[in-house]
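Enquirer: Supplied in structure tokens, the structure appears directly below.
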Amino acid sequence: MDETLETARKTVEELESREDGGESLRISDTTVTVSFDHVMEYYLYRWYFPDDDKEIRFASVPYSSYYLQVGSEKLKDGKPHAAYKYFQKAESWNPVSLTAKLASAEALKQQNKLKPYLKKNAGGAPVLSDEGRDGPVLPQCGILFCGDLQA
């Protein structure tokens, strides 16, 4: 077994076993702890969440990446519902992660729930939409085919 995946599993299991699912590590009244993959994501975060006046702290553990790894394993095992939950946790640790957003979309696609999700969220998710277009950016990028979806 891959050592990195085993570390990810153990860390995620430890977080999920906490009474609050690890939320007290991530957010408080005055701070938000994030698990960005790149320093530029800090600037994206400030751009997309300008009203969030909490102090930003950076996690010493790549929680978002760990949740993505475990979710990807679940998706590979044919468990898109469980994978989606892990991808959402990854996004909570890194709310500007396009990887987490696309992984969530793939898990929903495998459950035939993508269209309702995009119709509901495409306009409100700035990383996935472009206000100058009629719909989400994803189909135009060729990353995910959504058919004739109009947001």
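Residues are referred to by chain and number: the chain letter is A, B, ... according to the order shown in the structure tokens, the number counts from 1 in that chain, and ligands are numbered separately from 1 in the order shown.
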Identify, on the basis of only C-alpha atoms, every residue whose closest approach to Tyr66 in chain A does not exceed 9 Å; exclude the query and any residue fewer than 3 positions from it along the same chain; express the result as a PyMOL selection string.

Expert: chain A and resi 4-5+7-9+11-12+61-63+69-71+90

Enquirer: For Asp53 in chain A, which residue among A:Asp77, A:Glu6, A:Glu14, A:Asp29 is the nearest when counting only C-alpha atoms?

Expert: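 Result for the nearest residue to Asp53 in chain A: A:Asp29.
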
Enquirer: When distances are computed from only C-alpha atoms, which of A:Lys89, A:Arg57, A:Arg18, A:Lys101 shows the smallest separation from Thr31 in chain A?

Expert: A:Arg57

Enquirer: Range 19-125 of chain A: which residues are strand (DSSP E or B) by DSSP, as a list in words?

Expert: Ile27, Thr31, Val32, Thr33, Val34, Glu55, Ile56, Arg57 and Phe58 of chain A

Enquirer: Kindly export the residues of the current selection with N, CA and C atoms, as a PDB file, in the first residue's frame.

Expert:
```
ATOM      1  N   ILE A  27     -12.001  25.988  12.291  1.00  0.00           N
ATOM      2  CA  ILE A  27     -12.635  27.313  12.383  1.00  0.00           C
ATOM      3  C   ILE A  27     -12.994  27.650  13.829  1.00  0.00           C
ATOM      4  N   THR A  31     -10.685  32.886  14.000  1.00  0.00           N
ATOM      5  CA  THR A  31      -9.702  32.375  13.046  1.00  0.00           C
ATOM      6  C   THR A  31     -10.314  31.324  12.124  1.00  0.00           C
ATOM      7  N   VAL A  32      -9.679  31.157  10.985  1.00  0.00           N
ATOM      8  CA  VAL A  32      -9.992  30.053  10.083  1.00  0.00           C
ATOM      9  C   VAL A  32      -8.654  29.439   9.680  1.00  0.00           C
ATOM     10  N   THR A  33      -8.570  28.129   9.830  1.00  0.00           N
ATOM     11  CA  THR A  33      -7.353  27.423   9.452  1.00  0.00           C
ATOM     12  C   THR A  33      -7.590  26.785   8.094  1.00  0.00           C
ATOM     13  N   VAL A  34      -6.671  27.017   7.182  1.00  0.00           N
ATOM     14  CA  VAL A  34      -6.816  26.529   5.815  1.00  0.00           C
ATOM     15  C   VAL A  34      -5.667  25.591   5.470  1.00  0.00           C
ATOM     16  N   GLU A  55      -8.797  35.908  11.114  1.00  0.00           N
ATOM     17  CA  GLU A  55      -7.369  35.682  10.908  1.00  0.00           C
ATOM     18  C   GLU A  55      -7.190  34.328  10.229  1.00  0.00           C
ATOM     19  N   ILE A  56      -6.373  34.295   9.194  1.00  0.00           N
ATOM     20  CA  ILE A  56      -6.130  33.047   8.472  1.00  0.00           C
ATOM     21  C   ILE A  56      -4.881  32.383   9.044  1.00  0.00           C
ATOM     22  N   ARG A  57      -5.036  31.127   9.395  1.00  0.00           N
ATOM     23  CA  ARG A  57      -3.911  30.321   9.850  1.00  0.00           C
ATOM     24  C   ARG A  57      -3.721  29.190   8.852  1.00  0.00           C
ATOM     25  N   PHE A  58      -2.496  28.778   8.693  1.00  0.00           N
ATOM     26  CA  PHE A  58      -2.188  27.717   7.740  1.00  0.00           C
ATOM     27  C   PHE A  58      -1.919  26.421   8.485  1.00  0.00           C
TER      28      PHE A  58
END
```

Enquirer: Fewer than 6 positions away in the same chain doesn't count, so skip those; otherwise give me all residues within 9 Å of Leu108 in chain A, counting only C-alpha atoms, as JSON, numbers by chain.

Expert: {"A": [80, 81, 84, 114, 115, 117]}

Enquirer: Of the candidates A:Leu75, A:Ala107, A:Tyr48, A:Tyr86, which shows the shortest atom-to-atom distance to Leu15 in chain A, using only C-alpha atoms?

Expert: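 Of the candidates, the smallest distance to Leu15 in chain A is held by A:Tyr86.
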
Enquirer: Counting only C-alpha atoms, which of A:Val96, A:Leu68, A:Ala103, A:Leu25 gets nearest to His38 in chain A?

Expert: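 Distance minimum relative to His38 in chain A lands on A:Val96.
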